[in-house]
Amino acid sequence: MDRSVEPEPGAGPGGHATAPTRASTLRIATAGSVDDGKSTLIGRLLLDSKQVFADQLRHVEEASRRRGDGYVDLALLTDGLRAEREQGITIDVAYRYFATPRRRFIVADTPGHARYTRNMVTGASTADVSLILLDARKGVVEQTKRHAFVSALVGVRHLVICVNKLDLVDWSERVFDEIVSDFGDFAAKLELGEVTFIPISALHGDNVVERSGNTPWYDGPPLLYHLEHLHVASDRNLVDCRFPVQWVIRPLDDEHSGYRGYAGQVASGVFRAGDEVVVLPSGERTRIAGIDGPEGELEEAFPPMSVALRLADDVDVSRGDVICRPDNRPTRARDIEAMVCWMSERPLRPGQRLHLKHTTRWTQVTVEDVRYRVDVETLHRDRGADRLELNDIGRVHLRTSSLLLVDDYRRNRQMGSFILVDEATNDTVAAGMISAIVTGDGAREAGRSPNVVWQPSAIERPERWRALGACGATVWLTGLPASGKSTIGAALERALVERGAHAYMLDGDNLRHGLNGNLGFSAEDRSENIRRTAEVARLFADAGSIAIVTLVSPYRSDRERARELHARDGLEFVEVHVDTPLEECERRDPKGLYARARRGELTGMTGVDDPYEPPEQPDLTIAGGEPGEAVARILEELERRGIVAP
Amino acid sequence: MSYELSHLRALEAEAVHVMREVAAEFERPVLLFSGGKDSAVLVRLAEKAFRPGRFPFPLMHVDTGHNFPEVIEYRDRLVERIGERLIVASVEESIRQGRVVEETGPRASRNRLQTVTLLDAIAEHRFDAAFGGARRDEERARAKERVLSFRNEAGQWDPKSQRPEPWALYNTRIRRGEHVRVFPLSNWTELDVWQYIAEEGIELPSIYFAHRRQVFRRDGMLYAVSPFVELMDGEEPFEASVRYRTVGDMTCTGGVESKAATLEEVVAEIAATRVTERGETRADDRVSEAAMEDRKRVGYF
């Protein structure tokens with residue numbers, strides 16, 4: 001195998017193994033239990049990659065001798081604080097640095113115990129790769145799971161599991177394989193990227209820097225080689241252009257009097273001189289006139305560069321604003337669903353007020369709800385939890401006092417992360433990751449929202465409708481099976497189209513042939529059927545069509561939700577109750593459904609053995625009469641609301 | 001296009017981000033300037049962060065009165081070139097005012113005293129954030145220190161109750177009278193600093209390069225002969241070619257024998273060295289196993 005850990009010529013005899021100045025950096029987060037040998041492993045990496053200086057080693061040798069250890073305790077190289085040396089534990093995040101000719105490494109070394117989950121989250125928050133140690137004799141334990149969970153939560157894309165102390169189990173391949181398989185069972189429930197297992201002995205150095213002769217059955221590379229060659233460049237988001245403004249450079253001297261540089265660090269995406277951009281939240285549009293980087297003017301800027309953007313027009317930009325591309329914007333949010341790691345001894349409770357820092361912006365938040373707490377070992381979500389204690393991880397709903405511009409954390413670490421700060425003590429009490437954004441009144445329903453960020457359209461609704469000469473809305477016809485909904489709907493559709501309006505009927509039965517083909521008639525499936533149909537109707541309405549929904553939709557709550565969905569989006573929603581008496585419906589029974597239900601061939605038939613909850617305040621009630629009359633009344637209502645011209 | 005930054009430029013971007021963040025969120029920041037290589041890098045980074053504008057903070061030098069004259073010359077030349085404001089806080093003055101008592105004897109040093117002068121100056125000017133050039137690779141206690149390191153009203157550091165610092169979201173909220181130390185070079189190593197100096201062509205005090213001077217040997221280190229140090233029995237001055245790896249007081253900073261007279265030669269020597277800079281050249285860190293941690297707790301740089 002092509003190994004190259006020896007310093008290159010010119011790097012000097014065993015001194016700093018120098019990374020060429022053009023080498024890239026790999027950020028590693030390590031975690032492991034107290035006795036797993038994590039500090040020893042890091043000491044070993046430092047020592048074997050020639051990063052330990054003579055005076056440091058002398059120091060460690062002396063300390064080991066003083067304590068009566070029979071060997072040089074490499075862990076002493078890394079356990080920095082007095083309390084840690086005294087108690088023989090690691091209590092905080094410590095940062096270590098080493099380099100090989102291929103790469104430069106920053107190691108965030110964190111303690112393994114549950115008590116230090118917050119340190120683990122901190123260490124992992126900036127990591128490219130998580131290094132998890134476990135003791136071969138003990139296998140996958142609670143802490144292993146905790147570390148894997150935290151890595152997945154924080155979005156570390158690469159995981160390396162070092163199965164340590166394999167010398168103590170006679171280098172057993174079987175033990176190693178069992179651990180791999182045990183971990184796989186647990187990890188299947190997590191969103192993890194690449195997972196690599198390496199059998200090592202940190203104390204003796206097997207498979208750390210050099211390949212070990214003790215593991216002929218292992219054909220992978222040693223740890224250092226793996227870390228040197230790990231491909232992480234593609235983990236960054238180069239798609240969504242986000243530039244949170246940090247500082248405005250505004251020289252006062254005459255020579256630069258016209259200069260305005262909007263300084264900040266590129267959060268994601270690639271910005272180029274000449275790009276059309278929009279400043280949020282104001283929405284003003286301009287172009288990038290130039291990009292000033294640390295080494296002069298740049299053609300383009302990408303993360304994590306710190307640059308200053310000059311804009312072509314005199315727009316109002318200040319700290320906290322986000323510059324992005326007009327066709328790809330973050331979401332404006334005041335209600336946020338987020339996973340948080342609670343870091344304070346005083347628990348988090350609903351009703352609590354906190355400061356929140358997100359990118360370059362501070363705001364205040366109120367904790368609206370604790371959705372659930374995650375049991376890290378079983379991954380069980382405890383929905384009964386009403387608080388989060390120190391080191392707990394859970395999902396919360398926060399309401400901010402001012403608007404934030406956010407993205408989903410999983411897509412964008414910079415735009416999806418925040419910290420919470422105690423108002424009284426100023427302590428940092430939580431690390432948060434945005435997992436969903438809820439707009440307007442729908443906050444209560446956040447649990448139902450998908451875990452993705454809304455991608456705003458480049459075209460605003462009024463502009464679209466004006467161009468199309470359209471005005472969208474949803475007409476929702478509800479009623480018993482065979483009450484005449486579809487007949488009325490079809491006639492309404494024809495009448496509208498003949499008037500030149502965009503109209504489209506979404507018939508419940510028809511949708512069940514496609515979009516909702518996988519749904520049955522249980523209460524749950526019916527709800528889902530309605531939720532989907534309501535979403536589709538909302539999209540049609542937003543696009544400028546009059547969506548005509550004909551759906552039994554027996555449950556009041558489901559219809560209410562459909563109405564809220566539209567209200568939240570500022571779209572008209574006309575609920576029409578087609579109130580045909582059950583006997584009349586049974587008499588008509590064009591599809592023979594009532595007859596089959598009565599014969600017991602069909603269960604869950606609305607009106608027969610499943611309830612129909614009539615609307616309490618429908619916008620219109622159609623009780624009998626010709627379909628033509630019903631259509632006329634609906635058209636009247638649409639005219640009254642200004643949706644169609646009289 | 002790989003869209004990958006070299007590690008030096010990634011470190012630079014991180015440091016510039018830290019400086020802008022602090023400048024934006026604190027009312028009265030200050031940059032602690034020692035005249036050493038790390039503070040020279042800080043000044044260059046401030047130029048990167050704020051030019052063509054002015055620095056939104058002054059520089060402050062805690063002058064022990066025992067500095068190498070070459071460093072003071074360098075300091076004044078640099079301030080002249082960049083056109084920014086320099087505040088000098090004087091240990092001499094603290095002694096005159098009875099705030100501190102001068103140590104005596106051949107091992108006397110003002111190193112400990114400057115902590116008082118520094119804290120007094122921070123209080124007097126009501127600084128709420130002080131940039132320093134400390135790096136986590138220097139010493140084990142520093143390995144755990146935050147980029148924004150909180151100091152209580154007495155200027156003290158409590159390593160056990162440090163604020164978590166996830167992502168690059170810095171908590172800048174403090175109460176009146178408290179301050180933070182800010183370390184933009186936290187993730188740099190000594191070699192990174194030297195390579196950056198070389199890449200950027202940053203000017204340094206001449207004592208960083210090999211020169212001939214009168215020295216004497218003590219505890220295995222070569223100290224400069226100066227009016228501030230009493231020689232002990234058996235210590236004989238002699239001339240040698242030395243350079244310094246760190247810049248502190250003449251009383252506690254040792255030089256290394258070297259012929260490296262250019263930046264390239266120094267970088268090559270640093271790359272090959274077997275001893276840390278503080279271990280090799282700083283008497284103040286050799287006092288005890290936890291020397292740095294103890295001094296940091298009471299408010300040292």
# chains A, B, ... in the order shown; residues from 1 in each chain; ligands from 1
>>> interface_residues(of="chain B", to="chain A", cutoff="7 Å", atoms="only C-alpha atoms", output="VMD selection string")
chain B and resid 3 to 8 10 13 16 to 17 20 to 21 24 48 50 52 to 54 136 to 137 140 to 141 143 to 144 163 to 167 169 171 173 to 174 271 to 276 279 290
>>> write_last_selection(atoms="C-alpha atoms", output="PDB file, in the first residue's frame")
ATOM      1  CA  TYR B   3     -13.640  25.162  -4.536  1.00  0.00           C
ATOM      2  CA  GLU B   4     -11.280  24.133  -1.807  1.00  0.00           C
ATOM      3  CA  LEU B   5      -9.310  26.586   0.295  1.00  0.00           C
ATOM      4  CA  SER B   6      -5.772  25.829   1.356  1.00  0.00           C
ATOM      5  CA  HIS B   7      -5.459  25.377   5.086  1.00  0.00           C
ATOM      6  CA  LEU B   8      -3.738  28.732   5.590  1.00  0.00           C
ATOM      7  CA  ALA B  10      -9.151  28.624   5.622  1.00  0.00           C
ATOM      8  CA  ALA B  13     -11.060  33.224   6.658  1.00  0.00           C
ATOM      9  CA  VAL B  16     -11.288  37.404   9.757  1.00  0.00           C
ATOM     10  CA  HIS B  17     -14.804  36.191  10.514  1.00  0.00           C
ATOM     11  CA  ARG B  20     -15.575  41.161  12.193  1.00  0.00           C
ATOM     12  CA  GLU B  21     -18.029  39.424  14.487  1.00  0.00           C
ATOM     13  CA  ALA B  24     -19.791  44.269  15.155  1.00  0.00           C
ATOM     14  CA  LYS B  48      -7.815  41.985   5.753  1.00  0.00           C
ATOM     15  CA  PHE B  50     -11.505  46.094   7.724  1.00  0.00           C
ATOM     16  CA  PRO B  52     -10.039  50.097   3.135  1.00  0.00           C
ATOM     17  CA  GLY B  53     -11.808  51.251   6.317  1.00  0.00           C
ATOM     18  CA  ARG B  54     -10.123  52.031   9.620  1.00  0.00           C
ATOM     19  CA  ARG B 136      -4.427  26.364  21.235  1.00  0.00           C
ATOM     20  CA  ASP B 137      -1.324  24.487  20.167  1.00  0.00           C
ATOM     21  CA  ARG B 140      -2.348  22.156  27.112  1.00  0.00           C
ATOM     22  CA  ALA B 141      -4.545  24.586  29.068  1.00  0.00           C
ATOM     23  CA  ALA B 143      -6.101  23.643  23.994  1.00  0.00           C
ATOM     24  CA  LYS B 144      -9.432  23.888  25.783  1.00  0.00           C
ATOM     25  CA  ARG B 163     -19.525  28.693  27.357  1.00  0.00           C
ATOM     26  CA  PRO B 164     -20.065  26.001  24.754  1.00  0.00           C
ATOM     27  CA  GLU B 165     -19.073  27.293  21.332  1.00  0.00           C
ATOM     28  CA  PRO B 166     -20.825  25.261  18.639  1.00  0.00           C
ATOM     29  CA  TRP B 167     -20.384  26.080  14.931  1.00  0.00           C
ATOM     30  CA  LEU B 169     -21.863  31.157  16.506  1.00  0.00           C
ATOM     31  CA  ASN B 171     -22.039  34.331  22.175  1.00  0.00           C
ATOM     32  CA  ARG B 173     -23.461  38.788  25.460  1.00  0.00           C
ATOM     33  CA  ILE B 174     -21.780  40.020  28.621  1.00  0.00           C
ATOM     34  CA  ALA B 271       9.660  22.896  10.678  1.00  0.00           C
ATOM     35  CA  ALA B 272      12.530  20.737  11.883  1.00  0.00           C
ATOM     36  CA  THR B 273      12.453  21.646  15.541  1.00  0.00           C
ATOM     37  CA  ARG B 274      11.952  19.064  18.243  1.00  0.00           C
ATOM     38  CA  VAL B 275      10.895  21.399  21.060  1.00  0.00           C
ATOM     39  CA  THR B 276       7.836  23.652  21.479  1.00  0.00           C
ATOM     40  CA  GLY B 279       9.218  24.953  26.258  1.00  0.00           C
ATOM     41  CA  ALA B 290       0.030  23.836  35.331  1.00  0.00           C
TER      42      ALA B 290
END
>>> select_by_dssp(residues="stretch 32-159 of chain B", states="strand (DSSP E or B)", output="list in words")
Leu32, Leu59, Met60, His61, Val62, Asp63, Leu86, Ile87, Val88, Ala89, Ser90, Ala129, Ala130, Phe131, Leu148, Ser149, Phe150 and Arg151 of chain B
>>> write_last_selection(atoms="all heavy atoms", output="compact mmCIF listing (two decimals), in the first residue's frame")
# COMPACT_ATOMS: atom_id res chain seq x y z
N LEU B 32 -4.69 43.51 21.61
CA LEU B 32 -3.49 43.47 22.45
C LEU B 32 -2.30 43.16 21.56
O LEU B 32 -2.24 42.12 20.90
CB LEU B 32 -3.64 42.41 23.54
CG LEU B 32 -4.82 42.61 24.49
CD1 LEU B 32 -4.88 41.49 25.52
CD2 LEU B 32 -4.74 43.97 25.17
N LEU B 59 -4.95 49.61 19.09
CA LEU B 59 -4.02 48.58 19.55
C LEU B 59 -3.59 48.97 20.96
O LEU B 59 -3.55 50.15 21.30
CB LEU B 59 -2.76 48.53 18.67
CG LEU B 59 -2.90 48.53 17.15
CD1 LEU B 59 -1.54 48.30 16.52
CD2 LEU B 59 -3.88 47.48 16.70
N MET B 60 -3.28 47.99 21.79
CA MET B 60 -2.76 48.31 23.11
C MET B 60 -1.55 47.45 23.41
O MET B 60 -1.59 46.22 23.27
CB MET B 60 -3.82 48.12 24.20
CG MET B 60 -3.29 48.54 25.58
SD MET B 60 -4.60 48.77 26.78
CE MET B 60 -4.92 47.08 27.26
N HIS B 61 -0.47 48.09 23.83
CA HIS B 61 0.74 47.37 24.19
C HIS B 61 0.93 47.47 25.70
O HIS B 61 0.91 48.57 26.26
CB HIS B 61 1.95 47.97 23.48
CG HIS B 61 3.24 47.25 23.79
ND1 HIS B 61 4.42 47.91 23.99
CD2 HIS B 61 3.51 45.93 23.94
CE1 HIS B 61 5.38 47.02 24.26
NE2 HIS B 61 4.85 45.82 24.23
N VAL B 62 1.07 46.34 26.38
CA VAL B 62 1.41 46.36 27.80
C VAL B 62 2.93 46.38 27.88
O VAL B 62 3.59 45.38 27.60
CB VAL B 62 0.81 45.15 28.54
CG1 VAL B 62 1.24 45.18 30.00
CG2 VAL B 62 -0.71 45.17 28.44
N ASP B 63 3.45 47.52 28.19
CA ASP B 63 4.89 47.74 28.15
C ASP B 63 5.48 47.48 29.53
O ASP B 63 5.20 48.20 30.48
CB ASP B 63 5.16 49.19 27.71
CG ASP B 63 6.64 49.45 27.51
OD1 ASP B 63 7.46 48.58 27.88
OD2 ASP B 63 6.97 50.53 26.99
N LEU B 86 -2.46 53.70 18.95
CA LEU B 86 -1.78 52.80 19.88
C LEU B 86 -1.90 53.33 21.31
O LEU B 86 -1.63 54.51 21.57
CB LEU B 86 -0.29 52.67 19.53
CG LEU B 86 0.55 51.88 20.55
CD1 LEU B 86 0.29 50.38 20.44
CD2 LEU B 86 2.04 52.17 20.37
N ILE B 87 -2.33 52.48 22.22
CA ILE B 87 -2.35 52.82 23.64
C ILE B 87 -1.23 52.03 24.29
O ILE B 87 -1.07 50.84 24.02
CB ILE B 87 -3.69 52.40 24.27
CG1 ILE B 87 -4.84 53.21 23.66
CG2 ILE B 87 -3.65 52.58 25.79
CD1 ILE B 87 -6.21 52.65 24.00
N VAL B 88 -0.41 52.70 25.12
CA VAL B 88 0.64 51.98 25.84
C VAL B 88 0.28 51.94 27.32
O VAL B 88 0.08 52.98 27.94
CB VAL B 88 2.02 52.63 25.63
CG1 VAL B 88 3.08 51.89 26.44
CG2 VAL B 88 2.38 52.62 24.16
N ALA B 89 0.11 50.75 27.86
CA ALA B 89 -0.16 50.58 29.29
C ALA B 89 1.15 50.16 29.94
O ALA B 89 1.78 49.19 29.52
CB ALA B 89 -1.23 49.52 29.52
N SER B 90 1.58 50.90 30.93
CA SER B 90 2.94 50.73 31.43
C SER B 90 3.00 50.04 32.78
O SER B 90 2.36 50.46 33.74
CB SER B 90 3.60 52.12 31.50
OG SER B 90 4.65 52.11 32.42
N ALA B 129 -13.83 43.74 24.90
CA ALA B 129 -13.29 42.60 24.15
C ALA B 129 -11.84 42.88 23.82
O ALA B 129 -11.53 43.97 23.33
CB ALA B 129 -14.08 42.37 22.87
N ALA B 130 -10.97 41.95 24.10
CA ALA B 130 -9.54 42.14 23.84
C ALA B 130 -9.02 41.02 22.96
O ALA B 130 -9.05 39.85 23.36
CB ALA B 130 -8.78 42.20 25.16
N PHE B 131 -8.58 41.38 21.76
CA PHE B 131 -8.00 40.38 20.86
C PHE B 131 -6.61 40.01 21.34
O PHE B 131 -5.82 40.89 21.67
CB PHE B 131 -7.85 40.95 19.44
CG PHE B 131 -9.14 41.18 18.74
CD1 PHE B 131 -9.66 42.47 18.61
CD2 PHE B 131 -9.84 40.13 18.18
CE1 PHE B 131 -10.84 42.70 17.94
CE2 PHE B 131 -11.03 40.35 17.50
CZ PHE B 131 -11.53 41.63 17.38
N LEU B 148 -13.86 32.82 21.87
CA LEU B 148 -14.28 33.93 22.71
C LEU B 148 -14.24 33.42 24.15
O LEU B 148 -15.06 32.60 24.53
CB LEU B 148 -15.70 34.39 22.37
CG LEU B 148 -15.80 35.72 21.64
CD1 LEU B 148 -15.24 35.53 20.24
CD2 LEU B 148 -17.23 36.19 21.58
N SER B 149 -13.30 33.93 24.91
CA SER B 149 -13.08 33.38 26.24
C SER B 149 -13.53 34.40 27.28
O SER B 149 -12.99 35.49 27.37
CB SER B 149 -11.60 33.04 26.38
OG SER B 149 -11.37 32.33 27.57
N PHE B 150 -14.53 34.00 28.02
CA PHE B 150 -15.20 34.91 28.95
C PHE B 150 -14.34 35.21 30.17
O PHE B 150 -13.69 34.34 30.73
CB PHE B 150 -16.52 34.25 29.36
CG PHE B 150 -17.32 35.04 30.33
CD1 PHE B 150 -18.06 36.13 29.90
CD2 PHE B 150 -17.32 34.71 31.69
CE1 PHE B 150 -18.79 36.87 30.81
CE2 PHE B 150 -18.05 35.45 32.59
CZ PHE B 150 -18.79 36.54 32.15
N ARG B 151 -14.34 36.49 30.61
CA ARG B 151 -13.65 36.91 31.82
C ARG B 151 -14.65 37.59 32.74
O ARG B 151 -15.40 38.46 32.30
CB ARG B 151 -12.52 37.89 31.50
CG ARG B 151 -11.40 37.30 30.66
CD ARG B 151 -10.62 36.26 31.46
NE ARG B 151 -9.42 35.79 30.76
CZ ARG B 151 -9.41 34.83 29.86
NH1 ARG B 151 -10.53 34.21 29.53
NH2 ARG B 151 -8.29 34.46 29.28
>>> select_by_dssp(residues="stretch 164-217 of chain A", states="helix (DSSP H, G or I)", output="number ranges by chain")
A: 166-169, 173-187
>>> closest_residue(among="B:Ile270, B:Val229, B:Ala15, B:Met221", to="B:Glu257", atoms="only C-alpha atoms")
B:Met221
>>> residues_around(residues="stretch 196-202 of chain A", least_positions_apart="2", cutoff="7 Å", atoms="only C-alpha atoms", output="MDAnalysis selection string")
chainID A and resid 37 40:41 44 159:167 194 204:208 223
>>> write_last_selection(atoms="C-alpha atoms", output="short mmCIF file (atom, residue, chain, number, x, y, z; two decimals), in the first residue's frame")
data_model
loop_
_atom_site.label_atom_id
_atom_site.label_comp_id
_atom_site.auth_asym_id
_atom_site.auth_seq_id
_atom_site.Cartn_x
_atom_site.Cartn_y
_atom_site.Cartn_z
CA GLY A 37 -8.36 4.82 25.05
CA THR A 40 -4.21 7.40 24.04
CA LEU A 41 -5.23 7.11 20.40
CA ARG A 44 -0.54 7.88 19.40
CA LEU A 159 -18.09 8.05 10.69
CA VAL A 160 -15.05 6.00 11.63
CA ILE A 161 -15.51 3.36 14.30
CA CYS A 162 -12.22 2.32 15.84
CA VAL A 163 -12.59 -1.02 17.56
CA ASN A 164 -9.83 -0.59 20.14
CA LYS A 165 -8.02 -2.95 22.51
CA LEU A 166 -8.32 -5.75 20.00
CA ASP A 167 -5.07 -7.07 21.44
CA GLU A 194 -20.32 6.62 5.20
CA HIS A 204 0.54 -0.53 20.75
CA GLY A 205 -0.15 1.43 17.59
CA ASP A 206 -1.69 -1.38 15.51
CA ASN A 207 -3.50 -0.03 12.43
CA VAL A 208 -3.20 3.54 13.69
CA LEU A 223 -6.66 4.90 10.51
#
>>> residues_around(residues="B:Pro184", least_positions_apart="5", cutoff="7 Å", atoms="only C-alpha atoms", output="PyMOL selection string")
chain B and resi 15+18-19+147
